[in-house]
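Single-structure report; data block below.
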Amino acid sequence: MELHNNSNNCTSFDISRGSSLVQDKLSKSQRLRNKSLDFDDNLLYAENPRLIYINDPRRTNDKYEFTGNEICTSKYTLITFLPKNLFIQFHRVAYLYFLAIAALNQLPPLAVFGRTVSLFPLLFVLCVTAIKDGYEDWRRHRSDRNENNREALVLQLGEFQMKKWKKIRAGEVVKIHADETIPCDMVLLGTSDPSGLAYIQTMNLDGESNLKTRYARQETASSVFEGCNVSGLIRCEQPNRNIYEFTANMEFNGQKFPLSQSNIVLRGCQLKNTDWIVGVVVYAGQETKAMLNSAVSPSKRSKLESYMNRETLWLSVFLLVMCSVVALGMGLWLHRHDEELDTLPYYRKRYLTKGKEKGKPYRYYGIPMETFFSFLSSIIVFQIMIPISLYITMELVRLGQSYFMIEDKHLYDSSSDSRFQCRSLNINEDLGQIRYVFSDKTGTLTENKMEFRKASVNGKNYESSDLTDDSLQDHDIGASAVIRSRWKLKSKISLDPKLMCLLHKDLAGDERIAAHEFFLTLAACNTVIPIVSQDPSSCDRRNGSLEDVEAVDYQGESPDEQALVSAASAYGYTLFERTSGHIVIDINGNKLRLDVLGLHEFDSVRKRMSVVIRFPNNTVKVLVKGADNTMFSILSGDSERDDRIRRATQNHLTEYSSEGLRTLVVAARDLTDAELELWQCRYEDASTSLIDRAAKLRQAAALVECNLNLLGATAIEDRLQDGVPEAIEALRQAGIKVWVLTGDKQETAISIGLSCKLLTADMQQIIINGNSEEECRNLLADAKIRHGVQSANRKKRKLKRKNSSESRYLEIADSAKASSVLQLCAGKEEPAACAPLALIIDGNSLVYILEKDLESELFDIATSCRVVLCCRVAPLQKAGIVDLIKSRTDDMTLAIGDGANDVSMIQMADVGVGICGQEGRQAVMASDFAMGQFRFLKRLLLVHGHWNYQRVGYLVLYNFYRNAVFVLMLFWYILCTAFSTTSALTDWSSVFYSVIYTSVPTIVVGILDKDLSHRTLLQYPKLYGAGHRHEAYNLQLFWITMIDTLWQSLVLFYIPLFTYKESSIDIWSMGSLWTLAVVVLVNMHLAMDIRRWVFVTHAAVWGSIIITYACMVVLDSIPIFPNYWTIYHLAKSPTYWLTILLITIVALLPRFLFKVVHQIFWPSDIQIAREAEILRKVPSTSRPEPDEGCS
């Protein structure tokens, strides 16, 4: 439902005006500065403008308040690298723990291990990470150095000389040649075109590859072109992030005139189709709009890793409890045996041996200190309760996962020859928990290529056929004298032979005239720039003719205009020349020069565009095109014929819109001399006005945009990238909300939403177009009341009650067949109580909403909608929308884009994905992952994201279990040995346990294991919901794992103890038994959970057991070790092997029974789908498929 005031519609995008409204609120400004989205810019005030003295940099910066042009994007310097990097790394709680352990081990009474050796594990991990971070930052330094050392021509001592970019200062005059990059923000003074016109490409700034026009003021352009010395004063606004506006004025040669956005070129843009420009620097370095819009690259950490810190704290509590029990037991034991200590081998109070040591204290510090030392020693002995090896294992597993994602042939884009890139190895598992996807439109969802599909001319519908201009010669169109165009377009356009026939008839009827004016309007009513390339090698050889065929390409700010002008050219109306005062159109070989008297550009209030042109015979016409809802109200309806054409055109428009095509209505009329004179007077006054210029221009346009004759309508298809609708539908089924954030106008965004099936016909649209804080507040409140939107807290409580009332997500009958199993697995949509909502909001409204106390209102509405479209948004507004969700929910966010204007959004989101497209590589360089097409996001999330999350979640729990069962076994032993911190295991066995005995299977399973095949995951996207529900890793699973660990450790310790209770076996033999038993146990535990067995998995699991036994044989063969030859005696005894078998069975039996009961009575989605795969004998469950090398 459209919620906006028709009388006061959306105005042009104005960050500056919205920002100035809150400058007087200090507390609000302070809050905004702490947010990622900051529009509190220092705007132009009469008392605080920036003064730029042209060609006088010393006077301009006499107070040294302006920055130089040097930029810095790196994180570290040589001085700050070590402390800053260590600070970032020690955000991991476990690192602080291991640092404390290493420090304790340096104390002589507590040196359980060698002092130096105890530092190695932590130092190794810190050094590896520091080297990786240092290398990445060195690349940033290198990029900055290359950028800062580029050179440009600067006016020095009366002539232009080369100067490094980093030394350019505000106030200097700079000259840029064609295809060079603009080094800083400059006000144009003159160009190679006498009229002061210049063309720039802004893809590095706003993501658009189309050329934009910029102008030098005529007052300065003539002086620069004549070679005169330029001097003057510019008063401009303070540096700000708004790339769409510039407010300033200039004093030059005694004149004072205004400057606007059309007079400034920004850093990062490229000069195109212009030989040279000259400009004066107003903003340099970090103060340029491009640098102000580039956010600092954040250090992203996995969400699952943050949960690990919570479990690490619990393990620390367990550790302290165990150490306290040991210390308390030690104190009580010492107090009980205080009189016997002199007779004990370790706790005797004094030396008994003869010599100078006799009678001196012997390593005894009294019961309190011994108790305290016992506590600290226990911490050192039990330190692997929190495994540092887990972090190394996770890094290796993520590296392996990244390798297989990169090698996945399904993520390779042949059109751009780009492979998938993993630019961040820290957040692979986050891909399996994404709830919100924030996507750019241009170049991300679309190819930014539009095709002319249909036209309604004079009430008749014409559709493009497979015929092109090349094939018309063989098609009988009823006019033998069809003149072949000598203009060659960049792309082929399908034509309608009937329309071509009409255009080439030698008739003067109404239908022929309407068609002529229709295509004349398409060719003339636009702002596109024709680029003609001379290519003598290409010629028209029809009928032996050797006439040269020239290629023409069109560049413009709107791809719609490019498509319309190209279509006009294909039908014989070729625009091939444009200056500031006239255009030239080739009409079937005849050149027609038209004087442009004035141009009213498209704006969001009028929603149309018009141009007033004078023909060679002095006839003046106004040509208009625009949205149907504004065009039909200004048409003339004097005759029955006009009404008939209008009704037919409206029917055609309805048909076009239902097909998702973008429509425009075309109209024109002749102007009388009186109308022309009145319009010219109003137009000139409005164009030079400094106050309400936009409103006055609209009033001038209204004088000629009335009583128009309807010519027809156009229908354009915005070409989506392949697979975009299917990908969006799959993401939606997976429970992922897709939001589109674009800088394009609202109509364009809605049209694309319909094309890619993001918007559907059954959705109710909530449109927020506010021009003030109060209006935005009323629109949001009205929307909440109309659609029954609840606040976030109420929704959260309702969701919690709903989840608690549902016992399980899916149920399956015992006799279910494979097909029905999969149908259940796919799930069903919840019946909607009302039509789904779609929120459509513009950037102007976001200025007021994001800077005022309206964020919660917007959040409530946006999260209640299935789709959100944000139009006309600036780069940092995109980041603000992402932050709105990120800061108010625990849901994972992903941002995907292809241009420099998407960098802030990509860096703000939990996961950033860059598209290797047409818009440069800024998005790719700032992203965590990069790929060639949007459709690859479906496979990346539903397949690799799911696999990575399941693997890493299990990996963390298994590592906690693996180390905890080993520590608890030592704990039970210490309780049985007078609470001493001695061990039955050798030091080498303790070290090798995590390094050699059990590490390799963990890594292999973390990289290669698969719960489901990629086909099943793609066929049933709802399986992705396991990540949303945290099924692979949550606090409940952690506690269940710890309870299971406690049971297994008791079995592990006490079964050998009772088995050999009456024997004469020594403690080192028991230690050898425990060592092999715990390795067999944890590997069998792992084997129970492996879902995909391949050769490497078998080799890792069973090979680890064999290697463990081999190492024990080697260690027991060294005479200097206390366990010398024990394994040889044990291996001969059947009791030894039966004990290990008994331990394994008894320890794992409860876990086995729990899994069986759980899977029978309360199966998860994944278990149901896996059962279906087995029942249907899916090949991927029994053997690796050739295309599944992309693990």
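Labels for the structure tokens follow display order: chains A, B, ..., residues from 1 in each chain, ligands from 1.
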Query - stretch 244-251 of chain A environment, 10 Å, only C-alpha atoms, sequence neighbours closer than 2 positions dropped, as an MDAnalysis selection string - result: chainID A and resid 12:16 43:44 49:54 187 206 217 220 231:242 253:264 289 874
Query raised in the report: Tell me, which residues of stretch 109-218 of chain A carry DSSP strand (DSSP E), written as a PyMOL selection string?
Result: chain A and resi 151-156+159-164+173-177+185-191+197-201+211-215
Query raised in the report: DSSP says helix (DSSP H, G or I) for which residues of stretch 652-753 of chain A? Put them as a PyMOL selection string?
Result: chain A and resi 652-658+673-688+693-704+724-733+746-753
Query raised in the report: Pick the closest to A:Ile906 from A:Ser1164, A:Gln555, A:Ser439, A:Asn948: which is it, counting only C-alpha atoms?
Result: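 Of A:Ser1164, A:Gln555, A:Ser439, A:Asn948, the one nearest A:Ile906, counting only C-alpha atoms, is A:Ser439.
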Report task. Might you pull out every residue within 8 Å of stretch 955-970 of chain A, with only C-alpha atoms counted and same-chain residues fewer than 2 positions away left off, and present them as an MDAnalysis selection string? Result -> chainID A and resid 308 382 384:387 390 394 951:953 972:974 983 994 1002 1006 1033 1038 1041:1042 1045:1046 1048:1050 1052:1053 1078 1082 1086
Can you tell me, as a PDB file with C-alpha atoms, in the first residue's frame, what residues are no more than 7 Å from A:Gly945 when counting only C-alpha atoms, ignoring any on the same chain fewer than 3 positions away?
```pdb
ATOM      1  CA  GLU A 429      31.272 -21.065   8.974  1.00  0.00           C
ATOM      2  CA  LEU A 431      28.170 -18.555   5.554  1.00  0.00           C
ATOM      3  CA  GLY A 432      25.905 -21.222   7.033  1.00  0.00           C
ATOM      4  CA  LEU A 940      27.910 -20.545  -1.680  1.00  0.00           C
ATOM      5  CA  LEU A 941      25.375 -20.335   1.158  1.00  0.00           C
ATOM      6  CA  LEU A 942      23.158 -23.380   0.737  1.00  0.00           C
ATOM      7  CA  ASN A 948      31.302 -25.349   6.695  1.00  0.00           C
ATOM      8  CA  TYR A 949      28.971 -24.558   9.573  1.00  0.00           C
TER       9      TYR A 949
END
```
Any chance you could tabulate, as CSV, the residues of stretch 701-807 of chain A at most 8 Å from stretch 674-679 of chain A with each one's nearest atom pair and distance in Å to one decimal, using only C-alpha atoms, in chain and rising number order?
```
residue,atom,partner,partner_atom,distance
A:Ala701,CA,A:Trp679,CA,7.8
A:Leu703,CA,A:Trp679,CA,6.4
A:Val704,CA,A:Trp679,CA,7.2
```
Can you spit out the residues from that selection as a CSV table (one decimal), in the first residue's frame, using N, CA and C atoms?
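Now in out_1.csv:
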```
chain,number,residue,atom,x,y,z
A,701,ALA,N,8.7,24.3,-16.4
A,701,ALA,CA,8.4,23.1,-17.2
A,701,ALA,C,6.9,23.0,-17.4
A,703,LEU,N,4.7,25.1,-17.9
A,703,LEU,CA,4.2,26.0,-19.0
A,703,LEU,C,4.2,25.3,-20.3
A,704,VAL,N,5.1,24.3,-20.6
A,704,VAL,CA,5.1,23.7,-21.9
A,704,VAL,C,4.7,22.2,-21.8
```
